[in-house]
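Okay, structure first, notes after.
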Amino acid sequence: MTATTPAMTPELAEAAHGYLDQARANARAQTPTRREPTSLDKVLGKLAASGSRAPVLPTSADLDRWKTDPALLTDEQHARSCAAGMIEVETEPGHSVAAPCPRCAAARREVTLRERLTAAGIAARYLDLEWAGLDTTLAPFPRLERATANIGEIITGNDSLVLTGPPGSGKTQVAVLAAKAALAVNFSALVVNLGRLALDVRESYQGSGAGITERAALELMIRPDLLVLDDLGAGETDTATVERRLLYLALEDRQNARKPCIVTTNLTAAELAKHLGARNLGRLQPLEIIQMDHGRNFRVSGEKSRW
Ligand SMILES: Nc1ncnc2c1ncn2[C@@H]1O[C@H](COP(=O)(O)OP(=O)(O)O)[C@@H](O)[C@H]1O
Ligand SMILES: [Mg+2]
Ligand SMILES: [Zn+2]
């Protein structure tokens with residue numbers, strides 16, 4: 001995190017604009033309004049002339065259906081119609097255009113969502129799970145599942161949440177599902193373990209270029225629309241000062257920007273209040289505290305150790 005962005009000089013900016021203008025002009029020149037017949041057009045023309053039936057092209061209606069549900073474009077149809085992510089579509093009898101393939105587009109979206117989730121600090125073992133794959137029979141899971149379906153409203157309403165409960169009760173999993181839901185509707189989200197972040201910050205004090213500066217850590221915590229502070233209060237005692245300062249400054253900025261947080265913690269509500277202090281607690285308002293007191297530990301699996 002030592003890289004600095006060089007300031008853009010006016011000369012550089014002007015050169016960049018000039019370059020872009022030229023690129024746009026080139027693109028315009030290379031995209032004539034009436035395109036030359038493609039080899040496909042020629043083959044189709046020959047087929048039509050020889051009286052044989054031309055292969056049936058998908059229509060605009062097909063394309064619309066595939067856009068709403070890319071899975072409707074079957075493997076067989078996809079193999080037949082898609083070339084390098086483009087599909088030839090018949091818009092009216094005898095006239096066709098190339099359109100982006102909905103299945104390839106959906107696959108690309110999936111990849112970028114996964115990249116964004118990983119960049120958001122979400123560990124793979126939480127990432128792959130959806131609500132449908134979890135045991136959601138016990139309270140408060142049904143309520144939390146319903147709420148995350150409306151994560152956009154929650155974020156714009158600046159509603160923060162604290163999830164308290166013992167280890168293995170599913171706090172992190174719920175917070176990650178909320179972050180995933182936020183990213184899926186184009187809000188930014190970040191999952192941060194404050195204890196670990198504080199360790200990284202402390203490492204930067206040694207000046208070796210390792211770790212992350214306090215300023216960068218703060219920016220990281222302020223930027224996302226939804227910030228998940230995972231496992232609050234579990235940090236080392238010797239980083240407590242750094243943690244407290246980061247928390248104090250980040251929450252102040254986030255409150256001013258009306259950006260909510262989700263906090264997960266093994267502390268009880270009373271312990272958390274003491275840990276955060278009245279001022280930080282005030283900065284998390286409006287705040288809902290939900291206890292994961294269903295009594296199950298999902299971390300205990302039946303799997304036997306190989307040792
Ligand atoms: N409702 C659930 N049903 C099934 N497995 C769950 C559920 N909630 C969490 N898990 C799984 O149990 C493990 C522990 O959950 P986690 O969210 O890390 O607990 P906590 O953060 O409370 O310690 C994770 O592997 C998680 O995927
Ligand atoms: Mg956890
Ligand atoms: Zn395709």
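Going by the structure tokens order, chains are called A, B, ..., each with residues numbered from 1, while ligands are numbered from 1 in the order shown.
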
For the interface of stretch 104-214 of chain A with stretch 232-250 of chain A (cut-off 7 Å, counting only C-alpha atoms), please tabulate each contacting residue of stretch 104-214 of chain A alongside its nearest pair of atoms and their separation in Å to one decimal, rows sorted by chain and increasing number, as a Markdown table.
```
| residue | atom | partner | partner_atom | distance |
| --- | --- | --- | --- | --- |
| A:Leu194 | CA | A:Glu243 | CA | 6.4 |
| A:Gly195 | CA | A:Gly235 | CA | 4.1 |
| A:Ala198 | CA | A:Glu243 | CA | 5.6 |
| A:Leu199 | CA | A:Thr239 | CA | 6.6 |
```

Suppose we keep C-alpha atoms; can you now write the selection as a PDB file, in the first residue's frame?
```
ATOM      1  CA  LEU A 194     -10.623  -4.715  12.701  1.00  0.00           C
ATOM      2  CA  GLY A 195      -8.171  -6.652  14.862  1.00  0.00           C
ATOM      3  CA  ALA A 198      -4.972  -2.884  13.317  1.00  0.00           C
ATOM      4  CA  LEU A 199      -2.096  -5.377  13.175  1.00  0.00           C
TER       5      LEU A 199
END
```

Need to verify the contact set: A:Ala217, 8 Å, only C-alpha atoms, exclusion of same-chain residues closer than 4 positions in sequence. Can you return it as a PDB file with C-alpha atoms, in the first residue's frame?
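Below is the file that was written, part.pdb:
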```pdb
ATOM      1  CA  LEU A 197      -6.450  -4.425  10.153  1.00  0.00           C
ATOM      2  CA  VAL A 201      -1.494  -0.706  10.579  1.00  0.00           C
ATOM      3  CA  ILE A 212      -1.052  -0.434   5.616  1.00  0.00           C
ATOM      4  CA  THR A 213      -0.912   3.181   6.740  1.00  0.00           C
ATOM      5  CA  MET A 221     -13.325   1.683   6.094  1.00  0.00           C
ATOM      6  CA  LEU A 246      -9.761   3.641  13.517  1.00  0.00           C
TER       7      LEU A 246
END
```

(message) Can you tell me which residues surround A:Gly165 at a distance of at most 7 Å, considering only C-alpha atoms, apart from same-chain residues fewer than 6 positions away, and format the answer as a VMD selection string?
(response) chain A and resid 265 to 266 291 to 293

Kindly save the residues from that selection, with N, CA and C atoms included, as an mmCIF file, in the first residue's frame.
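Contents of selection-v4.cif, as written:
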```
data_model
loop_
_atom_site.group_PDB
_atom_site.id
_atom_site.type_symbol
_atom_site.label_atom_id
_atom_site.label_comp_id
_atom_site.auth_asym_id
_atom_site.auth_seq_id
_atom_site.Cartn_x
_atom_site.Cartn_y
_atom_site.Cartn_z
ATOM 1 N N THR A 265 -19.968 -9.882 16.632
ATOM 2 C CA THR A 265 -19.137 -9.952 17.837
ATOM 3 C C THR A 265 -19.543 -11.096 18.752
ATOM 4 N N ASN A 266 -18.547 -11.622 19.444
ATOM 5 C CA ASN A 266 -18.826 -12.635 20.468
ATOM 6 C C ASN A 266 -19.148 -11.978 21.800
ATOM 7 N N GLN A 291 -29.594 -10.934 18.662
ATOM 8 C CA GLN A 291 -28.837 -12.007 19.302
ATOM 9 C C GLN A 291 -29.050 -13.325 18.585
ATOM 10 N N MET A 292 -27.938 -13.970 18.269
ATOM 11 C CA MET A 292 -27.996 -15.295 17.652
ATOM 12 C C MET A 292 -28.031 -16.299 18.801
ATOM 13 N N ASP A 293 -29.198 -16.403 19.409
ATOM 14 C CA ASP A 293 -29.298 -17.239 20.613
ATOM 15 C C ASP A 293 -30.090 -18.508 20.337
#
```

(request) Find the residue from A:Arg306, A:Lys274, A:Arg202, A:Lys171 that sits nearest to ligand 2; use only C-alpha atoms and all ligand atoms when measuring. (result) A:Lys171

(request) Taking the DSSP assignment computed from this structure's backbone, write out as JSON, numbers by chain all residues of stretch 55-202 of chain A that belong to strand (DSSP E or B). (result) {"A": [59, 82, 83, 86, 87, 88, 89, 90, 91, 92, 95, 96, 97, 98, 99, 100, 160, 161, 162, 163, 164, 189, 190, 191, 192]}

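With only C-alpha atoms and all ligand atoms counted, the chains near ligand 3 contribute these residues within 10 Å: Pro70, Leu73, Asp75, Gln77, His78, Ala79, Arg80, Ser81, Cys82, Ala83, Ala84, Gly85, Met86, Ile87, Pro100, Cys101, Pro102, Arg103, Cys104, Ala105, Ala106 and Ala107 of chain A.
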
For the residues in the current selection, export C-alpha atoms as a PDB file, in the first residue's frame.
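Saved to again-v9.pdb:
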```
ATOM      1  CA  PRO A  70     -29.744 -16.640 -20.033  1.00  0.00           C
ATOM      2  CA  LEU A  73     -30.268 -20.399 -24.196  1.00  0.00           C
ATOM      3  CA  ASP A  75     -25.987 -25.575 -24.645  1.00  0.00           C
ATOM      4  CA  GLN A  77     -28.356 -23.512 -29.208  1.00  0.00           C
ATOM      5  CA  HIS A  78     -25.475 -21.633 -27.662  1.00  0.00           C
ATOM      6  CA  ALA A  79     -22.900 -23.723 -29.506  1.00  0.00           C
ATOM      7  CA  ARG A  80     -24.802 -23.138 -32.745  1.00  0.00           C
ATOM      8  CA  SER A  81     -25.449 -19.397 -32.374  1.00  0.00           C
ATOM      9  CA  CYS A  82     -22.634 -17.843 -30.362  1.00  0.00           C
ATOM     10  CA  ALA A  83     -19.359 -16.864 -31.935  1.00  0.00           C
ATOM     11  CA  ALA A  84     -16.866 -15.100 -29.670  1.00  0.00           C
ATOM     12  CA  GLY A  85     -19.635 -13.733 -27.470  1.00  0.00           C
ATOM     13  CA  MET A  86     -21.777 -12.427 -30.330  1.00  0.00           C
ATOM     14  CA  ILE A  87     -25.003 -13.841 -31.729  1.00  0.00           C
ATOM     15  CA  PRO A 100     -23.936  -9.586 -27.475  1.00  0.00           C
ATOM     16  CA  CYS A 101     -24.644 -13.146 -26.344  1.00  0.00           C
ATOM     17  CA  PRO A 102     -26.746 -13.066 -23.120  1.00  0.00           C
ATOM     18  CA  ARG A 103     -25.159 -16.269 -21.828  1.00  0.00           C
ATOM     19  CA  CYS A 104     -21.605 -15.055 -22.265  1.00  0.00           C
ATOM     20  CA  ALA A 105     -22.607 -11.695 -20.734  1.00  0.00           C
ATOM     21  CA  ALA A 106     -24.132 -13.448 -17.714  1.00  0.00           C
ATOM     22  CA  ALA A 107     -20.974 -15.550 -17.281  1.00  0.00           C
TER      23      ALA A 107
END
```

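Considering only C-alpha atoms and all ligand atoms, every residue of the polymer chains approaching ligand 2 to 8 Å or closer is listed here: Pro167, Gly168, Gly170, Lys171, Thr172, Gln173, Asp230, Asp231, Thr264 and Thr265 of chain A.
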
Selection to disk with N, CA and C atoms, as a CSV table (one decimal), in the first residue's frame:
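Contents of result_19.csv, freshly written:
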```csv
chain,number,residue,atom,x,y,z
A,167,PRO,N,-19.4,-18.2,19.3
A,167,PRO,CA,-18.7,-18.6,18.0
A,167,PRO,C,-19.5,-19.7,17.4
A,168,GLY,N,-19.6,-19.7,16.0
A,168,GLY,CA,-20.2,-20.8,15.3
A,168,GLY,C,-21.7,-20.6,15.2
A,170,GLY,N,-23.2,-18.4,13.4
A,170,GLY,CA,-23.5,-18.0,12.0
A,170,GLY,C,-23.5,-16.5,11.8
A,171,LYS,N,-22.9,-15.7,12.7
A,171,LYS,CA,-22.9,-14.3,12.5
A,171,LYS,C,-22.1,-13.8,11.3
A,172,THR,N,-20.9,-14.3,11.1
A,172,THR,CA,-20.1,-13.9,9.9
A,172,THR,C,-20.8,-14.3,8.6
A,173,GLN,N,-21.4,-15.5,8.7
A,173,GLN,CA,-22.1,-16.0,7.5
A,173,GLN,C,-23.3,-15.1,7.1
A,230,ASP,N,-16.1,-7.4,11.2
A,230,ASP,CA,-16.3,-8.8,11.6
A,230,ASP,C,-15.5,-9.1,12.9
A,231,ASP,N,-16.2,-9.7,13.8
A,231,ASP,CA,-15.5,-10.2,15.1
A,231,ASP,C,-14.9,-9.0,15.9
A,264,THR,N,-20.3,-7.9,13.8
A,264,THR,CA,-20.5,-9.2,14.4
A,264,THR,C,-19.5,-9.3,15.6
A,265,THR,N,-20.0,-9.9,16.6
A,265,THR,CA,-19.1,-10.0,17.8
A,265,THR,C,-19.5,-11.1,18.8
```
